[in-house]
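J.: Questions regarding the structure given below will be posed in turn.
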Amino acid sequence: MTSGPPTAADRTLNADVRWDDFDPHQYVGHNYLVMQAVDEEIVTLVRDHFSDHFEGGDRVPRGIDVGAGPNLYPAFSMLPWCDSITLLERSAQNRRYLLGQRDGDDAHQRDGYDAHWDPFWKVLCGRKGYADLDDPRERFKKVVEDPIEGSLFELCGAKPGWDVGTMFFVAESITTSLEEFQRGVHCFMHALKPGAPFATAFMEHSQGYRVGDIEFPARDIDTNDVRTALGDFVESTVDIQRLHTSDLVRDGYTGMILARGRRKE
């Protein structure tokens, strides 16, 4: 069971949050400099889901990572399968981080993304489609478009246009409102074409999180909330599972939830 709705004093909506003050370097330093066991499990499961769907077929035109933030592995998971990848991100600092990871940093003599992302790619290379890419940094530069400024809620007003999609730790991590969480999931699914494979990940029972000296909101959810939010958008074969790990990245949540499936025809 999830907790009851927050009181008026505790309620924080997405529009209330200082997203341009989100510090990607603080976030990466806490979460991704060393690959956590649960992230390795997520990457493996998403890799297998997309490989099972795409291997032996043609690439699709467009993939999207919604609320990309300073996390590259969702885009990595789509690299072999798409001609282009859209990164939708509201925070200006996160968009700058993503551009720098794609294009490199002359000041630090870095060509492409940072080396600490290499272990994530190595896990993906456990399947042929990924292992066949000789230079993932060049592929990342070629396929990933300039990050687009925008909110996932704006996707509800657009025509479904993407052939594969990811949304990791977004809809439940931008608001305390159950209604906004549900609408966020709906808008992500609306953006996908019928039959498109997708992967979404969520923090279970998150009480919010700190990046640097700023507190960010979260909606307390469980697997039932995820299943309800996905609703009629997904085929009956959708796989929703709670990932069991004793190594929590931070305090204030109880685990992670991964949903893999296809947009309903």
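Order determines the names: the first chain of the structure tokens is A, the second B, and so forth; residues in each chain are numbered 1 upward, and ligands are numbered 1 upward as they are shown.
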So which bits of segment 210-241 of chain A end up helix (DSSP H, G or I) when you DSSP the backbone, as a PyMOL selection string?

T.: chain A and resi 223-233

J.: Just to be explicit: take each residue in the selection above, keep C-alpha atoms, and write the result as a short mmCIF file (atom, residue, chain, number, x, y, z; two decimals), in the first residue's frame.

T.:
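Dumped everything to result-v1.cif:
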```cif
data_model
loop_
_atom_site.label_atom_id
_atom_site.label_comp_id
_atom_site.auth_asym_id
_atom_site.auth_seq_id
_atom_site.Cartn_x
_atom_site.Cartn_y
_atom_site.Cartn_z
CA THR A 223 4.19 -1.94 -8.25
CA ASN A 224 0.40 -1.68 -8.12
CA ASP A 225 0.60 2.06 -8.77
CA VAL A 226 2.89 1.43 -11.75
CA ARG A 227 0.52 -1.19 -13.17
CA THR A 228 -2.46 1.14 -12.71
CA ALA A 229 -0.67 4.06 -14.36
CA LEU A 230 0.35 1.96 -17.39
CA GLY A 231 -3.26 0.77 -17.62
CA ASP A 232 -4.64 0.19 -21.09
CA PHE A 233 -1.56 1.61 -22.82
#
```

J.: Please report, as a tab-separated table, each residue of segment 138-246 of chain A lying at most 12 Å from segment 38-50 of chain A, together with the nearest pair of atoms and the separation in Å rounded to one decimal; use only C-alpha atoms, and order rows by chain and ascending residue number.

T.:
```
residue	atom	partner	partner_atom	distance
A:Asp163	CA	A:Phe50	CA	11.7
A:Val164	CA	A:Phe50	CA	8.9
A:Gly165	CA	A:Phe50	CA	10.1
A:Thr166	CA	A:Val46	CA	9.4
A:Met167	CA	A:Val46	CA	11.6
A:Phe168	CA	A:Ile42	CA	10.1
A:Phe169	CA	A:Asp39	CA	11.8
A:Ala196	CA	A:Phe50	CA	10.3
A:Pro197	CA	A:Phe50	CA	7.1
A:Phe198	CA	A:Phe50	CA	8.1
A:Ala199	CA	A:Val46	CA	6.5
A:Thr200	CA	A:Val46	CA	9.1
A:Ala201	CA	A:Ile42	CA	8.3
A:Phe202	CA	A:Ile42	CA	11.0
A:Met203	CA	A:Val38	CA	11.6
A:Val238	CA	A:His49	CA	10.9
A:Asp239	CA	A:His49	CA	10.0
A:Ile240	CA	A:Leu45	CA	11.4
A:Gln241	CA	A:Ile42	CA	10.6
A:Arg242	CA	A:Ile42	CA	10.7
A:Leu243	CA	A:Val38	CA	7.3
A:His244	CA	A:Val38	CA	8.0
A:Thr245	CA	A:Val38	CA	6.4
A:Ser246	CA	A:Val38	CA	9.2
```

J.: Restricting it to N, CA and C atoms, dump the selection as a short mmCIF file (atom, residue, chain, number, x, y, z; two decimals), in the first residue's frame.

T.:
```cif
data_model
loop_
_atom_site.label_atom_id
_atom_site.label_comp_id
_atom_site.auth_asym_id
_atom_site.auth_seq_id
_atom_site.Cartn_x
_atom_site.Cartn_y
_atom_site.Cartn_z
N ASP A 163 9.48 5.17 -31.92
CA ASP A 163 9.40 3.73 -32.18
C ASP A 163 9.91 2.88 -31.02
N VAL A 164 10.58 3.50 -30.05
CA VAL A 164 11.08 2.82 -28.86
C VAL A 164 11.31 3.91 -27.82
N GLY A 165 11.13 3.59 -26.53
CA GLY A 165 11.28 4.64 -25.54
C GLY A 165 11.71 4.13 -24.18
N THR A 166 12.35 5.03 -23.43
CA THR A 166 12.73 4.77 -22.05
C THR A 166 12.34 5.97 -21.20
N MET A 167 12.06 5.70 -19.92
CA MET A 167 11.81 6.75 -18.94
C MET A 167 12.23 6.19 -17.58
N PHE A 168 13.36 6.67 -17.08
CA PHE A 168 13.95 6.09 -15.87
C PHE A 168 13.92 7.09 -14.73
N PHE A 169 13.20 6.74 -13.65
CA PHE A 169 13.18 7.52 -12.41
C PHE A 169 12.71 8.95 -12.65
N ALA A 196 5.45 -0.18 -30.09
CA ALA A 196 6.80 0.22 -29.71
C ALA A 196 7.21 -0.43 -28.39
N PRO A 197 8.40 -1.01 -28.31
CA PRO A 197 8.90 -1.53 -27.03
C PRO A 197 9.34 -0.37 -26.14
N PHE A 198 9.22 -0.56 -24.84
CA PHE A 198 9.61 0.48 -23.90
C PHE A 198 10.17 -0.15 -22.64
N ALA A 199 10.89 0.66 -21.87
CA ALA A 199 11.35 0.28 -20.54
C ALA A 199 11.23 1.50 -19.64
N THR A 200 10.64 1.32 -18.47
CA THR A 200 10.52 2.40 -17.49
C THR A 200 10.97 1.88 -16.14
N ALA A 201 11.62 2.75 -15.37
CA ALA A 201 12.07 2.38 -14.03
C ALA A 201 11.59 3.43 -13.03
N PHE A 202 11.32 2.99 -11.81
CA PHE A 202 10.75 3.84 -10.77
C PHE A 202 11.40 3.53 -9.43
N MET A 203 11.47 4.56 -8.57
CA MET A 203 11.88 4.37 -7.19
C MET A 203 10.66 3.96 -6.37
N VAL A 238 3.08 -7.20 -20.45
CA VAL A 238 4.00 -6.27 -19.78
C VAL A 238 4.57 -6.93 -18.53
N ASP A 239 5.86 -6.75 -18.34
CA ASP A 239 6.57 -7.33 -17.19
C ASP A 239 6.89 -6.20 -16.20
N ILE A 240 6.32 -6.28 -15.00
CA ILE A 240 6.57 -5.30 -13.95
C ILE A 240 7.14 -6.04 -12.75
N GLN A 241 8.34 -5.68 -12.36
CA GLN A 241 8.97 -6.41 -11.27
C GLN A 241 9.70 -5.48 -10.32
N ARG A 242 9.67 -5.85 -9.06
CA ARG A 242 10.44 -5.15 -8.04
C ARG A 242 11.81 -5.80 -7.99
N LEU A 243 12.84 -4.97 -8.08
CA LEU A 243 14.20 -5.48 -8.07
C LEU A 243 14.69 -5.54 -6.62
N HIS A 244 15.17 -6.69 -6.22
CA HIS A 244 15.59 -6.90 -4.83
C HIS A 244 17.07 -6.59 -4.70
N THR A 245 17.37 -5.61 -3.88
CA THR A 245 18.77 -5.27 -3.63
C THR A 245 18.93 -4.82 -2.19
N SER A 246 20.02 -5.21 -1.58
CA SER A 246 20.31 -4.77 -0.22
C SER A 246 21.18 -3.51 -0.22
#
```

J.: When you count only C-alpha atoms, which of these residues is closest to Phe188 of chain A: A:Gly126, A:Gly112, A:Gly67, A:Pro119?

T.: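 Among A:Gly126, A:Gly112, A:Gly67, A:Pro119, it is A:Gly67 that comes nearest to Phe188 of chain A.
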
J.: For Arg95 of chain A, which residue among A:Asn71, A:Thr12, A:Ser206, A:Ser77 is the nearest when counting only C-alpha atoms?

T.: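 Going through A:Asn71, A:Thr12, A:Ser206, A:Ser77 one by one, the smallest distance to Arg95 of chain A is for A:Asn71.
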
J.: Which residues are near Cys82 of chain A? Cut-off 7 Å, only C-alpha atoms, ignore same chain within fewer than 5 positions. Put them as a list in words.

T.: Arg59, Val60, Pro61, Arg62 and Gly63 of chain A

J.: Using only C-alpha atoms, can you tell me which of A:Asp105, A:Asp132, A:Asp20, A:Glu172 comes closest to Gln93 of chain A?

T.: A:Asp20

J.: I'd like the interatomic distance between atom CA of Ala218 of chain A and atom CA of Ser177 of chain A, to a tenth of an Å.

T.: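 Atom CA of Ala218 of chain A sits 8.3 Å away from atom CA of Ser177 of chain A.
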
J.: I need the residues of segment 32-198 of chain A that end up classed as strand (DSSP E) by DSSP on the backbone, written out as a PyMOL selection string.

T.: chain A and resi 60-66+82-89+148-149+164-168+197-198

J.: Do you have the atom CA of Cys187 of chain A-atom CA of Ser91 of chain A distance handy?

T.: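 Separating atom CA of Cys187 of chain A from atom CA of Ser91 of chain A is a distance of 18.4 Å.
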
J.: Could you tell me how far atom CA of Pro70 of chain A lies from atom CA of Pro24 of chain A, in Å and to one decimal?

T.: 5.5 Å
